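Participant: Have a look at this one before I ask anything.
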Amino acid sequence: MSFGSQSYADVVRDRVAHEQHEAHLAVVGDFDCSGEDIERDWVERPGCWSSVTRVLLTYC
C-alpha cells in the first residue's frame, strides 16, 4: 500500500458505494514509520470502510 492520488481515492470510494457488501480495509505493513500515515490517509480520504484491520509483518 502506498499513498494514492485523490482521483484514485475517489474511484475507491465510488466503487465501494455501489457494492452491496460492507467494505473492509486490511492494512499490511512492516516496520516503516511512514506506514502509519499511509494507513491514516487511506482511512480518511475514501472514508468508506466498515472496519480497518492492521496486520504487521514481524521477523521470525
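Going by the C-alpha cells order, chains are called A, B, ..., each with residues numbered from 1, while ligands are numbered from 1 in the order shown.
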Which residues in chain A does DSSP call strand (DSSP E)? List them as a list in words.

Facilitator: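 Those residues are His24, Leu25, Ala26, Val27, Val28, Gly29, Ser51, Val52, Thr53, Arg54, Val55 and Leu56 of chain A.
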
Participant: Quick one: residues within 8 Å of segment 8-12 of chain A, only C-alpha atoms, excluding same-chain residues fewer than 4 positions away - as a ChimeraX atom specification?

Facilitator: /A:4,16,42,45-46

Participant: For Asp30 of chain A, work out the shell of residues within 9 Å, counting only C-alpha atoms and skipping chain neighbours fewer than 3 positions away, then give it as a VMD selection string.

Facilitator: chain A and resid 33 35 55 to 58

Participant: Take the residues from that selection and put them in a file with C-alpha atoms, as a tab-separated table (two decimals), in the first residue's frame.

Facilitator:
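Once everything was written out, this is part-v4.tsv:
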```
chain	number	residue	atom	x	y	z
A	33	CYS	CA	7.01	4.51	10.20
A	35	GLY	CA	3.02	3.20	7.02
A	55	VAL	CA	-1.65	-6.67	10.14
A	56	LEU	CA	2.04	-6.16	10.90
A	57	LEU	CA	4.82	-8.28	9.49
A	58	THR	CA	7.42	-9.33	12.02
```

Participant: Go through chain A and collect every residue that DSSP, computed from the backbone, puts in helix (DSSP H, G or I); the answer should be as a ChimeraX atom specification.

Facilitator: /A:6-17,34-44

Participant: So what do you get for atom CA of Tyr59 of chain A versus atom CA of Phe31 of chain A, distance-wise?

Facilitator: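 Atom CA of Phe31 of chain A lies at a distance of 10.0 Å from atom CA of Tyr59 of chain A.
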
Participant: Find the residues around Glu22 of chain A up to 7 Å (only C-alpha atoms counted), leave out those fewer than 2 positions away in its own chain, and share them as a PyMOL selection string.

Facilitator: chain A and resi 20+24+50

Participant: Near Asp32 of chain A, within 12 Å and counting only C-alpha atoms, which residues show up once chain neighbours fewer than 4 positions away are dropped, as a list in words?

Facilitator: Met1, Ser2, Val28, Glu36, Asp37, Ile38, Glu39, Leu56, Leu57 and Thr58 of chain A

Participant: Could the residues in this selection be written to a file with N, CA, C and O atoms, as a PDB file, in the first residue's frame?

Facilitator:
```
ATOM      1  N   MET A   1       0.845  -1.155   0.000  1.00  0.00           N
ATOM      2  CA  MET A   1       0.000   0.000   0.000  1.00  0.00           C
ATOM      3  C   MET A   1       0.897   1.227   0.000  1.00  0.00           C
ATOM      4  O   MET A   1       1.928   1.242   0.631  1.00  0.00           O
ATOM      5  N   SER A   2       0.449   2.225  -0.695  1.00  0.00           N
ATOM      6  CA  SER A   2       1.200   3.476  -0.714  1.00  0.00           C
ATOM      7  C   SER A   2       0.208   4.625  -0.810  1.00  0.00           C
ATOM      8  O   SER A   2      -0.989   4.422  -0.904  1.00  0.00           O
ATOM      9  N   VAL A  28      -1.586  -4.031   5.558  1.00  0.00           N
ATOM     10  CA  VAL A  28      -0.459  -4.927   5.823  1.00  0.00           C
ATOM     11  C   VAL A  28       0.805  -4.090   5.770  1.00  0.00           C
ATOM     12  O   VAL A  28       1.100  -3.461   4.759  1.00  0.00           O
ATOM     13  N   GLU A  36       2.162   4.297   9.023  1.00  0.00           N
ATOM     14  CA  GLU A  36       1.098   4.840   9.863  1.00  0.00           C
ATOM     15  C   GLU A  36       0.380   5.985   9.159  1.00  0.00           C
ATOM     16  O   GLU A  36      -0.841   6.105   9.235  1.00  0.00           O
ATOM     17  N   ASP A  37       1.118   6.840   8.474  1.00  0.00           N
ATOM     18  CA  ASP A  37       0.491   7.945   7.774  1.00  0.00           C
ATOM     19  C   ASP A  37      -0.234   7.454   6.525  1.00  0.00           C
ATOM     20  O   ASP A  37      -1.282   7.995   6.163  1.00  0.00           O
ATOM     21  N   ILE A  38       0.307   6.440   5.873  1.00  0.00           N
ATOM     22  CA  ILE A  38      -0.368   5.869   4.708  1.00  0.00           C
ATOM     23  C   ILE A  38      -1.700   5.270   5.136  1.00  0.00           C
ATOM     24  O   ILE A  38      -2.723   5.460   4.479  1.00  0.00           O
ATOM     25  N   GLU A  39      -1.700   4.559   6.269  1.00  0.00           N
ATOM     26  CA  GLU A  39      -2.959   3.997   6.785  1.00  0.00           C
ATOM     27  C   GLU A  39      -3.961   5.107   7.084  1.00  0.00           C
ATOM     28  O   GLU A  39      -5.124   5.028   6.689  1.00  0.00           O
ATOM     29  N   LEU A  56       0.629  -6.545  10.962  1.00  0.00           N
ATOM     30  CA  LEU A  56       2.041  -6.164  10.904  1.00  0.00           C
ATOM     31  C   LEU A  56       2.908  -7.381  10.637  1.00  0.00           C
ATOM     32  O   LEU A  56       2.686  -8.452  11.208  1.00  0.00           O
ATOM     33  N   LEU A  57       3.864  -7.219   9.763  1.00  0.00           N
ATOM     34  CA  LEU A  57       4.823  -8.275   9.487  1.00  0.00           C
ATOM     35  C   LEU A  57       5.943  -8.187  10.516  1.00  0.00           C
ATOM     36  O   LEU A  57       6.424  -7.115  10.842  1.00  0.00           O
ATOM     37  N   THR A  58       6.345  -9.310  11.035  1.00  0.00           N
ATOM     38  CA  THR A  58       7.416  -9.332  12.024  1.00  0.00           C
ATOM     39  C   THR A  58       8.488 -10.324  11.587  1.00  0.00           C
ATOM     40  O   THR A  58       8.261 -11.167  10.727  1.00  0.00           O
TER      41      THR A  58
END
```

Participant: Neighbouring residues of Arg54 of chain A were defined as those with any atom within 8 Å, considering only C-alpha atoms; residues of the same chain fewer than 5 positions away were excluded. Please report them as a ChimeraX atom specification.

Facilitator: /A:26-29

Participant: Now that the selection is made, can you save its residues with N, CA, C and O atoms as a short mmCIF file (atom, residue, chain, number, x, y, z; two decimals), in the first residue's frame?

Facilitator:
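Output contents, as saved in part_9.cif:
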```
data_model
loop_
_atom_site.label_atom_id
_atom_site.label_comp_id
_atom_site.auth_asym_id
_atom_site.auth_seq_id
_atom_site.Cartn_x
_atom_site.Cartn_y
_atom_site.Cartn_z
N ALA A 26 -7.85 -3.98 4.93
CA ALA A 26 -6.77 -4.68 5.64
C ALA A 26 -5.47 -3.97 5.29
O ALA A 26 -5.09 -3.89 4.12
N VAL A 27 -4.80 -3.45 6.29
CA VAL A 27 -3.55 -2.73 6.10
C VAL A 27 -2.42 -3.67 6.51
O VAL A 27 -2.33 -4.08 7.66
N VAL A 28 -1.59 -4.03 5.56
CA VAL A 28 -0.46 -4.93 5.82
C VAL A 28 0.80 -4.09 5.77
O VAL A 28 1.10 -3.46 4.76
N GLY A 29 1.53 -4.06 6.89
CA GLY A 29 2.70 -3.19 6.95
C GLY A 29 3.91 -3.87 7.55
O GLY A 29 3.87 -5.03 7.95
#
```
